[in-house]
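Q: One file: structure-v3.pdb (PDB, C-alpha atoms, pLDDT in the B column).
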```pdb
ATOM      1  CA  MET E  28      51.222  -2.252  42.541  1.00 44.00           C
ATOM      2  CA  THR E  29      49.731  -5.577  41.865  1.00 60.00           C
ATOM      3  CA  HIS E  30      51.719  -8.519  40.758  1.00 64.00           C
ATOM      4  CA  ASN E  31      49.985 -11.265  38.851  1.00 73.00           C
ATOM      5  CA  SER E  32      51.028 -14.700  39.728  1.00 84.00           C
ATOM      6  CA  PRO E  33      51.493 -17.321  37.011  1.00 85.00           C
ATOM      7  CA  LYS E  34      48.452 -19.116  38.405  1.00 87.00           C
ATOM      8  CA  ASP E  35      46.312 -15.962  37.919  1.00 87.00           C
ATOM      9  CA  GLU E  36      47.593 -15.509  34.379  1.00 89.00           C
ATOM     10  CA  MET E  37      46.780 -19.135  33.571  1.00 91.00           C
ATOM     11  CA  MET E  38      43.283 -18.695  34.922  1.00 91.00           C
ATOM     12  CA  VAL E  39      42.726 -15.513  32.897  1.00 91.00           C
ATOM     13  CA  THR E  40      44.018 -17.240  29.760  1.00 92.00           C
ATOM     14  CA  HIS E  41      41.751 -20.238  30.384  1.00 92.00           C
ATOM     15  CA  ILE E  42      38.693 -17.971  30.892  1.00 92.00           C
ATOM     16  CA  CYS E  43      39.456 -16.048  27.687  1.00 91.00           C
ATOM     17  CA  GLN E  44      39.828 -19.259  25.691  1.00 91.00           C
ATOM     18  CA  THR E  45      36.599 -20.672  27.109  1.00 90.00           C
ATOM     19  CA  LEU E  46      34.689 -17.494  26.286  1.00 88.00           C
ATOM     20  CA  ASN E  47      36.083 -17.491  22.737  1.00 89.00           C
ATOM     21  CA  GLU E  48      35.082 -21.120  22.238  1.00 86.00           C
ATOM     22  CA  HIS E  49      31.561 -20.485  23.504  1.00 83.00           C
ATOM     23  CA  SER E  50      31.160 -17.429  21.305  1.00 80.00           C
ATOM     24  CA  GLN E  51      32.047 -19.487  18.207  1.00 82.00           C
ATOM     25  CA  GLN E  52      29.400 -22.159  18.873  1.00 80.00           C
ATOM     26  CA  PRO E  53      25.874 -21.644  17.484  1.00 77.00           C
ATOM     27  CA  HIS E  54      23.127 -21.145  20.035  1.00 77.00           C
ATOM     28  CA  ASP E  55      19.355 -21.466  19.989  1.00 79.00           C
ATOM     29  CA  PHE E  56      19.105 -17.722  20.478  1.00 79.00           C
ATOM     30  CA  ASP E  57      20.933 -17.159  17.179  1.00 79.00           C
ATOM     31  CA  GLN E  58      18.410 -19.329  15.337  1.00 83.00           C
ATOM     32  CA  THR E  59      15.495 -17.573  17.036  1.00 86.00           C
ATOM     33  CA  LEU E  60      16.939 -14.204  16.127  1.00 85.00           C
ATOM     34  CA  GLN E  61      17.404 -15.314  12.516  1.00 87.00           C
ATOM     35  CA  GLN E  62      13.802 -16.577  12.350  1.00 89.00           C
ATOM     36  CA  LEU E  63      12.478 -13.308  13.764  1.00 89.00           C
ATOM     37  CA  ALA E  64      14.473 -11.322  11.209  1.00 90.00           C
ATOM     38  CA  GLU E  65      13.128 -13.467   8.344  1.00 92.00           C
ATOM     39  CA  GLN E  66       9.559 -13.141   9.634  1.00 92.00           C
ATOM     40  CA  ALA E  67       9.886  -9.352   9.922  1.00 91.00           C
ATOM     41  CA  GLN E  68      11.242  -9.176   6.389  1.00 91.00           C
ATOM     42  CA  ARG E  69       8.358 -11.281   5.011  1.00 91.00           C
ATOM     43  CA  GLU E  70       5.776  -9.130   6.825  1.00 91.00           C
ATOM     44  CA  ARG E  71       7.374  -5.956   5.492  1.00 89.00           C
ATOM     45  CA  GLN E  72       7.334  -7.321   1.924  1.00 89.00           C
ATOM     46  CA  GLN E  73       3.652  -8.254   2.283  1.00 87.00           C
ATOM     47  CA  ARG E  74       2.811  -4.815   3.671  1.00 86.00           C
ATOM     48  CA  LEU E  75       4.652  -3.109   0.805  1.00 84.00           C
ATOM     49  CA  GLN E  76       2.868  -5.324  -1.707  1.00 83.00           C
ATOM     50  CA  LYS E  77      -0.542  -4.498  -0.185  1.00 81.00           C
ATOM     51  CA  ASN E  78       0.260  -0.779  -0.277  1.00 78.00           C
ATOM     52  CA  SER E  79       1.256  -1.119  -3.923  1.00 76.00           C
ATOM     53  CA  GLN E  80      -2.014  -2.889  -4.723  1.00 75.00           C
ATOM     54  CA  ARG E  81      -3.992  -0.212  -2.877  1.00 74.00           C
ATOM     55  CA  LYS E  82      -2.324   2.490  -4.944  1.00 75.00           C
ATOM     56  CA  GLN E  83      -3.070   0.577  -8.132  1.00 77.00           C
ATOM     57  CA  TRP E  84      -6.766   0.327  -7.196  1.00 75.00           C
ATOM     58  CA  TRP E  85      -6.811   4.002  -6.252  1.00 77.00           C
ATOM     59  CA  TYR E  86      -5.311   5.024  -9.612  1.00 81.00           C
ATOM     60  CA  TRP E  87      -7.619   2.647 -11.448  1.00 82.00           C
ATOM     61  CA  GLY E  88     -10.683   4.020  -9.671  1.00 82.00           C
ATOM     62  CA  GLY E  89      -9.620   7.599 -10.357  1.00 84.00           C
ATOM     63  CA  SER E  90      -8.965   6.818 -14.001  1.00 86.00           C
ATOM     64  CA  MET E  91     -12.372   5.203 -14.361  1.00 86.00           C
ATOM     65  CA  ALA E  92     -14.068   8.195 -12.722  1.00 87.00           C
ATOM     66  CA  ILE E  93     -12.320  10.586 -15.111  1.00 88.00           C
ATOM     67  CA  ALA E  94     -13.195   8.381 -18.080  1.00 87.00           C
ATOM     68  CA  ALA E  95     -16.842   8.247 -16.990  1.00 86.00           C
ATOM     69  CA  SER E  96     -16.938  12.031 -16.622  1.00 86.00           C
ATOM     70  CA  VAL E  97     -15.416  12.585 -20.056  1.00 84.00           C
ATOM     71  CA  MET E  98     -17.793  10.048 -21.582  1.00 83.00           C
ATOM     72  CA  LEU E  99     -20.753  11.801 -19.965  1.00 81.00           C
ATOM     73  CA  LEU E 100     -19.643  15.170 -21.344  1.00 79.00           C
ATOM     74  CA  VAL E 101     -18.905  13.876 -24.831  1.00 79.00           C
ATOM     75  CA  PHE E 102     -21.957  11.691 -25.375  1.00 76.00           C
ATOM     76  CA  SER E 103     -24.602  13.725 -23.579  1.00 72.00           C
ATOM     77  CA  PRO E 104     -26.909  15.945 -25.650  1.00 64.00           C
ATOM     78  CA  GLN E 105     -26.436  19.664 -25.425  1.00 62.00           C
ATOM     79  CA  GLN E 106     -28.264  21.191 -22.464  1.00 58.00           C
ATOM     80  CA  LEU E 107     -28.251  24.765 -23.732  1.00 49.00           C
ATOM     81  CA  PRO E 108     -30.425  25.891 -26.647  1.00 51.00           C
ATOM     82  CA  GLN E 109     -28.562  26.805 -29.806  1.00 54.00           C
ATOM     83  CA  THR E 110     -30.143  30.262 -30.111  1.00 52.00           C
ATOM     84  CA  THR E 111     -28.930  33.135 -28.022  1.00 52.00           C
ATOM     85  CA  SER E 112     -32.268  34.916 -27.814  1.00 53.00           C
ATOM     86  CA  SER E 113     -33.452  36.175 -24.441  1.00 53.00           C
ATOM     87  CA  VAL E 114     -36.856  34.524 -24.856  1.00 52.00           C
ATOM     88  CA  ALA E 115     -37.212  31.339 -22.833  1.00 54.00           C
ATOM     89  CA  PRO E 116     -38.191  28.295 -24.876  1.00 55.00           C
ATOM     90  CA  ASP E 117     -41.680  26.913 -24.434  1.00 58.00           C
ATOM     91  CA  MET E 118     -40.473  23.317 -24.174  1.00 55.00           C
ATOM     92  CA  PRO E 119     -38.385  22.114 -21.249  1.00 58.00           C
ATOM     93  CA  LEU E 120     -34.823  21.028 -21.840  1.00 57.00           C
ATOM     94  CA  THR E 121     -34.287  17.374 -22.600  1.00 62.00           C
ATOM     95  CA  HIS E 122     -33.296  15.215 -19.699  1.00 63.00           C
ATOM     96  CA  LEU E 123     -30.179  13.117 -19.760  1.00 64.00           C
ATOM     97  CA  THR E 124     -30.591   9.390 -19.921  1.00 74.00           C
ATOM     98  CA  VAL E 125     -27.976   7.219 -18.324  1.00 74.00           C
ATOM     99  CA  GLU E 126     -27.519   3.570 -19.067  1.00 80.00           C
ATOM    100  CA  PRO E 127     -27.960   1.229 -16.079  1.00 81.00           C
ATOM    101  CA  GLN E 128     -24.598  -0.461 -16.807  1.00 84.00           C
ATOM    102  CA  MET E 129     -22.807   2.863 -16.407  1.00 82.00           C
ATOM    103  CA  LEU E 130     -24.543   3.464 -13.071  1.00 81.00           C
ATOM    104  CA  GLU E 131     -23.507  -0.002 -11.884  1.00 85.00           C
ATOM    105  CA  ASP E 132     -19.900   0.636 -12.941  1.00 85.00           C
ATOM    106  CA  MET E 133     -19.799   3.940 -11.104  1.00 83.00           C
ATOM    107  CA  GLU E 134     -21.309   2.314  -8.002  1.00 85.00           C
ATOM    108  CA  MET E 135     -18.627  -0.400  -8.135  1.00 83.00           C
ATOM    109  CA  ILE E 136     -15.907   2.257  -8.356  1.00 84.00           C
ATOM    110  CA  MET E 137     -17.334   4.071  -5.347  1.00 83.00           C
ATOM    111  CA  LEU E 138     -17.454   0.834  -3.329  1.00 82.00           C
ATOM    112  CA  LEU E 139     -13.844   0.029  -4.231  1.00 81.00           C
ATOM    113  CA  ALA E 140     -12.762   3.505  -3.176  1.00 80.00           C
ATOM    114  CA  GLU E 141     -14.584   3.154   0.172  1.00 79.00           C
ATOM    115  CA  GLU E 142     -12.850  -0.181   0.848  1.00 75.00           C
ATOM    116  CA  GLN E 143      -9.456   1.404   0.361  1.00 67.00           C
TER     117      GLN E 143
END
```
Translate this structure into structure tokens?
A:
Amino acid sequence: MTHNSPKDEMMVTHICQTLNEHSQQPHDFDQTLQQLAEQAQRERQQRLQKNSQRKQWWYWGGSMAIAASVMLLVFSPQQLPQTTSSVAPDMPLTHLTVEPQMLEDMEMIMLLAEEQ
């Protein structure tokens, strides 16, 4: 059995009070920790925003590719002859003509997709 003397109890009480006082005071480490947490939160928000923008560009590029394909199908002349005879026509089929602006737009879409 151990018996605590009043002097030991006073010392334990004093140590507990001192530790409580020190734990209530702000420290540089607390500020550093707070700054690191804020920085991590900002970086995460930026990363999420970049991912959102990447998805928007991806959807935009895909939409433009689909629109270009539909436009090509709708506005291109028919490639098959209208008759169903088994005799081959003497004249070759007409070739498609594509506007240079459309080619530039499709090239831009491909470059944007490669960047992503």
Q: Could you tell me which of E:Gln80, E:Thr124, E:Glu36, E:Gly89 comes closest to Ala140 (chain E) if we count all atoms listed in the file?
A: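 Closest candidate: E:Gly89.
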Q: Tell me which of E:Trp87, E:Ala95, E:Lys77, E:Asp55 sits closest to Glu131 (chain E), counting all atoms listed in the file.
A: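 Using all atoms listed in the file, Glu131 (chain E) sits closest to E:Ala95.
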Q: With distances taken over only C-alpha atoms, which of E:Cys43, E:Val125, E:Leu139, E:Arg81 is nearest to Phe102 (chain E)?
A: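 Looking only at the distances to Phe102 (chain E), the closest residue turns out to be E:Val125.
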Q: Applying 12 Å and all atoms listed in the file, which residues near Met129 (chain E) remain after dropping the ones on its own chain fewer than 4 positions away? List them as number ranges by chain.
A: E: 91-92, 94-96, 98-99, 124-125, 133-136
Q: Take every atom of region 48-66 of chain E listed in the file, fit an axis-aligned box around them, add 6 Å per side, and give the centre and edge lengths in Å to one decimal as JSON.
A:
```
{"center_x": 22.3, "center_y": -16.7, "center_z": 15.9, "size_x": 37.5, "size_y": 22.8, "size_z": 27.2}
```
Q: Just give me the gap between CA of Val97 (chain E) and CA of Pro127 (chain E) in Å, one decimal is fine.
A: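 Spanning CA of Val97 (chain E) to CA of Pro127 (chain E) is a straight-line distance of 17.4 Å.
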Q: Provide the CA of Asn78 (chain E) to CA of Gln128 (chain E) distance in Å, to one decimal place.
A: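 Separation of CA of Asn78 (chain E) and CA of Gln128 (chain E): 29.9 Å.
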Q: Could you state the separation of CA of Pro53 (chain E) and CA of Glu65 (chain E) in Å, given to one decimal place?
A: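 Atom-to-atom, CA of Pro53 (chain E) to CA of Glu65 (chain E), that is 17.7 Å.
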